[in-house]
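For reference, run_26.csv is printed below; it contains CSV, C-alpha atoms.
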```csv
chain,number,residue,atom,x,y,z
X,6,MET,CA,0.0,0.0,0.0
X,7,LYS,CA,2.8,2.4,1.0
X,8,HIS,CA,4.6,1.6,-2.3
X,9,LYS,CA,1.5,2.6,-4.4
X,10,ILE,CA,1.1,5.9,-2.6
X,11,THR,CA,4.8,6.8,-3.1
X,12,LEU,CA,4.6,5.8,-6.8
X,13,ARG,CA,1.5,7.9,-7.3
X,14,PHE,CA,3.2,10.9,-5.6
X,15,VAL,CA,6.3,10.6,-7.7
X,16,ALA,CA,4.2,10.4,-10.9
X,17,ALA,CA,2.0,13.4,-9.9
X,18,PHE,CA,5.1,15.4,-9.0
X,19,THR,CA,6.8,14.6,-12.2
X,20,ALA,CA,3.7,15.6,-14.2
X,21,ILE,CA,3.5,18.9,-12.4
X,22,LEU,CA,7.2,19.7,-13.0
X,23,LEU,CA,6.9,18.8,-16.7
X,24,SER,CA,3.9,21.0,-17.1
X,25,LEU,CA,5.6,23.9,-15.4
X,26,SER,CA,8.7,23.6,-17.6
X,27,LEU,CA,6.7,23.4,-20.8
X,28,ASN,CA,4.6,26.4,-19.8
X,29,ALA,CA,7.8,28.4,-18.9
X,30,ALA,CA,9.4,27.5,-22.3
X,31,VAL,CA,6.4,28.6,-24.3
X,32,ALA,CA,5.7,31.7,-22.2
X,33,GLY,CA,9.3,33.0,-22.8
X,34,THR,CA,9.1,32.7,-26.6
X,35,PRO,CA,9.4,35.7,-28.8
X,36,THR,CA,6.4,37.4,-30.3
X,37,THR,CA,6.5,40.2,-32.9
X,38,ASP,CA,3.5,42.2,-34.0
X,39,SER,CA,4.2,44.8,-36.7
X,40,GLY,CA,0.5,45.6,-37.2
X,41,GLU,CA,-0.6,43.5,-40.1
X,42,LEU,CA,2.0,40.7,-39.7
X,43,LYS,CA,2.0,38.9,-36.3
X,44,LEU,CA,4.7,36.3,-35.5
X,45,ASN,CA,4.8,34.0,-32.5
X,46,GLN,CA,7.7,31.5,-31.9
X,47,THR,CA,6.5,28.4,-30.0
X,48,ILE,CA,6.7,24.6,-29.8
X,49,ALA,CA,4.1,22.5,-31.5
X,50,TYR,CA,4.3,18.7,-31.1
X,51,SER,CA,7.9,18.9,-29.9
X,52,THR,CA,8.9,21.0,-33.0
X,53,PRO,CA,10.0,24.6,-32.9
X,54,VAL,CA,7.6,26.7,-35.1
X,55,VAL,CA,6.6,30.2,-36.0
X,56,GLN,CA,2.9,31.0,-36.1
X,57,ILE,CA,2.1,33.7,-38.6
X,58,SER,CA,-1.1,35.7,-38.6
X,59,PHE,CA,-1.9,38.3,-41.2
X,60,ASN,CA,-4.3,41.1,-40.1
X,61,GLY,CA,-4.2,43.1,-43.3
X,62,ASN,CA,-7.1,43.5,-45.7
X,63,ASP,CA,-5.4,42.6,-49.0
X,64,GLY,CA,-7.2,39.5,-50.2
X,65,GLU,CA,-7.1,35.8,-49.2
X,66,THR,CA,-3.7,34.7,-50.4
X,67,GLY,CA,-0.2,36.0,-50.7
X,68,PHE,CA,3.4,35.1,-51.5
X,69,PHE,CA,5.6,34.2,-48.4
X,70,GLN,CA,9.3,34.3,-47.7
X,71,VAL,CA,11.7,34.0,-44.8
X,72,LEU,CA,15.1,35.7,-45.2
X,73,ASP,CA,18.1,35.4,-43.0
X,74,ALA,CA,20.1,38.5,-41.7
X,75,SER,CA,22.1,38.5,-45.0
X,76,GLY,CA,19.0,38.6,-47.1
X,77,VAL,CA,19.2,35.0,-48.3
X,78,VAL,CA,15.9,33.3,-48.8
X,79,ILE,CA,15.6,30.5,-46.3
X,80,ARG,CA,12.0,29.4,-47.0
X,81,GLN,CA,9.6,30.4,-49.7
X,82,ILE,CA,5.9,29.5,-50.3
X,83,GLU,CA,4.3,30.7,-53.5
X,84,THR,CA,0.8,30.8,-52.1
X,85,VAL,CA,-0.2,31.1,-48.5
X,86,GLU,CA,-3.7,31.6,-47.0
X,87,LEU,CA,-3.8,35.0,-45.3
X,88,ILE,CA,-5.3,34.1,-42.0
X,89,LYS,CA,-6.3,36.7,-39.4
X,90,SER,CA,-5.3,36.5,-35.8
X,91,PRO,CA,-5.9,34.6,-33.5
X,92,SER,CA,-5.7,31.9,-36.2
X,93,TYR,CA,-2.5,31.4,-38.1
X,94,PHE,CA,-0.4,29.3,-40.5
X,95,THR,CA,2.7,27.6,-39.1
X,96,ILE,CA,6.2,27.0,-40.4
X,97,ASP,CA,8.8,24.6,-39.0
X,98,ILE,CA,12.0,26.4,-37.9
X,99,SER,CA,13.8,23.4,-36.4
X,100,GLU,CA,16.6,23.7,-39.0
X,101,PHE,CA,17.0,27.5,-38.6
X,102,HIS,CA,20.2,28.7,-36.9
X,103,GLU,CA,20.0,31.3,-34.1
X,104,GLY,CA,19.7,34.8,-35.5
X,105,THR,CA,17.4,37.4,-36.9
X,106,TYR,CA,15.0,36.5,-39.7
X,107,THR,CA,12.7,38.7,-41.8
X,108,PHE,CA,9.3,37.3,-42.6
X,109,LEU,CA,7.7,38.7,-45.7
X,110,ILE,CA,4.2,38.5,-47.1
X,111,LYS,CA,3.5,40.0,-50.5
X,112,THR,CA,0.0,40.7,-51.7
X,113,HIS,CA,-1.3,42.2,-54.9
X,114,THR,CA,-1.1,45.7,-53.5
X,115,LYS,CA,1.7,45.7,-50.8
X,116,THR,CA,4.6,43.9,-49.1
X,117,TYR,CA,4.5,43.4,-45.4
X,118,THR,CA,7.6,42.5,-43.3
X,119,SER,CA,8.4,41.7,-39.7
X,120,THR,CA,11.5,40.4,-38.1
X,121,LEU,CA,12.0,37.8,-35.4
X,122,THR,CA,15.1,36.7,-33.5
X,123,ILE,CA,15.3,33.0,-33.2
X,124,LYS,CA,17.2,31.6,-30.2
```
Could you rewrite the structure in this file as structure tokens?
Amino acid sequence: MKHKITLRFVAAFTAILLSLSLNAAVAGTPTTDSGELKLNQTIAYSTPVVQISFNGNDGETGFFQVLDASGVVIRQIETVELIKSPSYFTIDISEFHEGTYTFLIKTHTKTYTSTLTIK
């Protein structure tokens, strides 16, 4: 009986610690909001991602790029759905190195950019 109680206590304590560490990791992630283009770095299914919301009023689709600090295109998507906050589309950044990246959405009328430092 004593062994079962101890085992349950250890399992509960471990679950609480894991929950707190995951919440702290997500709470400390960078977010950038440049008005129309909102970026949020987080973890989804154990993978680092950036959530991108577009709050502009320039149609339903756009051209998307991520550029590194040197201006080199790291990721490009010809057509993305322009989804307003709080919804978003997500890109995997697990292969990105630490540094500052420019996220760009180009619509028929304007180009929107926002930067995010990935750690």
Exercise for the section: Quick one: pull the distance between CA of Thr95 (chain X) and CA of Gln46 (chain X), Å, one decimal. Expected result: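 Going from CA of Thr95 (chain X) over to CA of Gln46 (chain X) covers 9.6 Å.
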Problem - Atomic separation - CA of Thr112 (chain X) relative to CA of Phe69 (chain X), Å - result: 9.2 Å
With a distance cut-off of 7 Å and only C-alpha atoms, select the neighbouring residues of region 102-110 of chain X, excluding the residue or stretch itself and same-chain residues fewer than 2 positions from it, and output the selection as a compact mmCIF listing (two decimals) with C-alpha atoms, keeping the file's coordinate frame.
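So the final result, stored in around-v7.txt, reads:
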```
# COMPACT_ATOMS: atom_id res chain seq x y z
CA GLY X 67 -0.20 36.00 -50.70
CA PHE X 68 3.40 35.10 -51.50
CA PHE X 69 5.60 34.20 -48.40
CA GLN X 70 9.30 34.30 -47.70
CA VAL X 71 11.70 34.00 -44.80
CA LEU X 72 15.10 35.70 -45.20
CA ASP X 73 18.10 35.40 -43.00
CA ALA X 74 20.10 38.50 -41.70
CA GLU X 100 16.60 23.70 -39.00
CA THR X 112 0.00 40.70 -51.70
CA THR X 116 4.60 43.90 -49.10
CA TYR X 117 4.50 43.40 -45.40
CA THR X 118 7.60 42.50 -43.30
CA SER X 119 8.40 41.70 -39.70
CA THR X 120 11.50 40.40 -38.10
CA LEU X 121 12.00 37.80 -35.40
CA THR X 122 15.10 36.70 -33.50
CA ILE X 123 15.30 33.00 -33.20
CA LYS X 124 17.20 31.60 -30.20
```
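Between Phe59 (chain X) and the residues X:Val77, X:Ile96, X:Leu42, X:Ile82, the shortest atom-to-atom distance, using all atoms listed in the file, involves X:Leu42.
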Proximity check region 65-102 of chain X to region 49-54 of chain X, 6 Å, nearest pairs one decimal Å, only C-alpha atoms, as JSON lines:
```
{"residue": "X:Ile96", "atom": "CA", "partner": "X:Val54", "partner_atom": "CA", "distance": 5.5}
{"residue": "X:Asp97", "atom": "CA", "partner": "X:Val54", "partner_atom": "CA", "distance": 4.6}
{"residue": "X:Ile98", "atom": "CA", "partner": "X:Val54", "partner_atom": "CA", "distance": 5.2}
{"residue": "X:Ser99", "atom": "CA", "partner": "X:Pro53", "partner_atom": "CA", "distance": 5.3}
```
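Residues with any atom within 10 Å of the point (-1.5, 47.7, -47.5), counting all atoms listed in the file, are Glu41, Gly61, Asn62, Asp63, Lys111, Thr112, His113, Thr114, Lys115, Thr116 and Tyr117 of chain X.
Here CA of Gly64 (chain X) is placed at a distance of 19.1 Å from CA of Gln81 (chain X).
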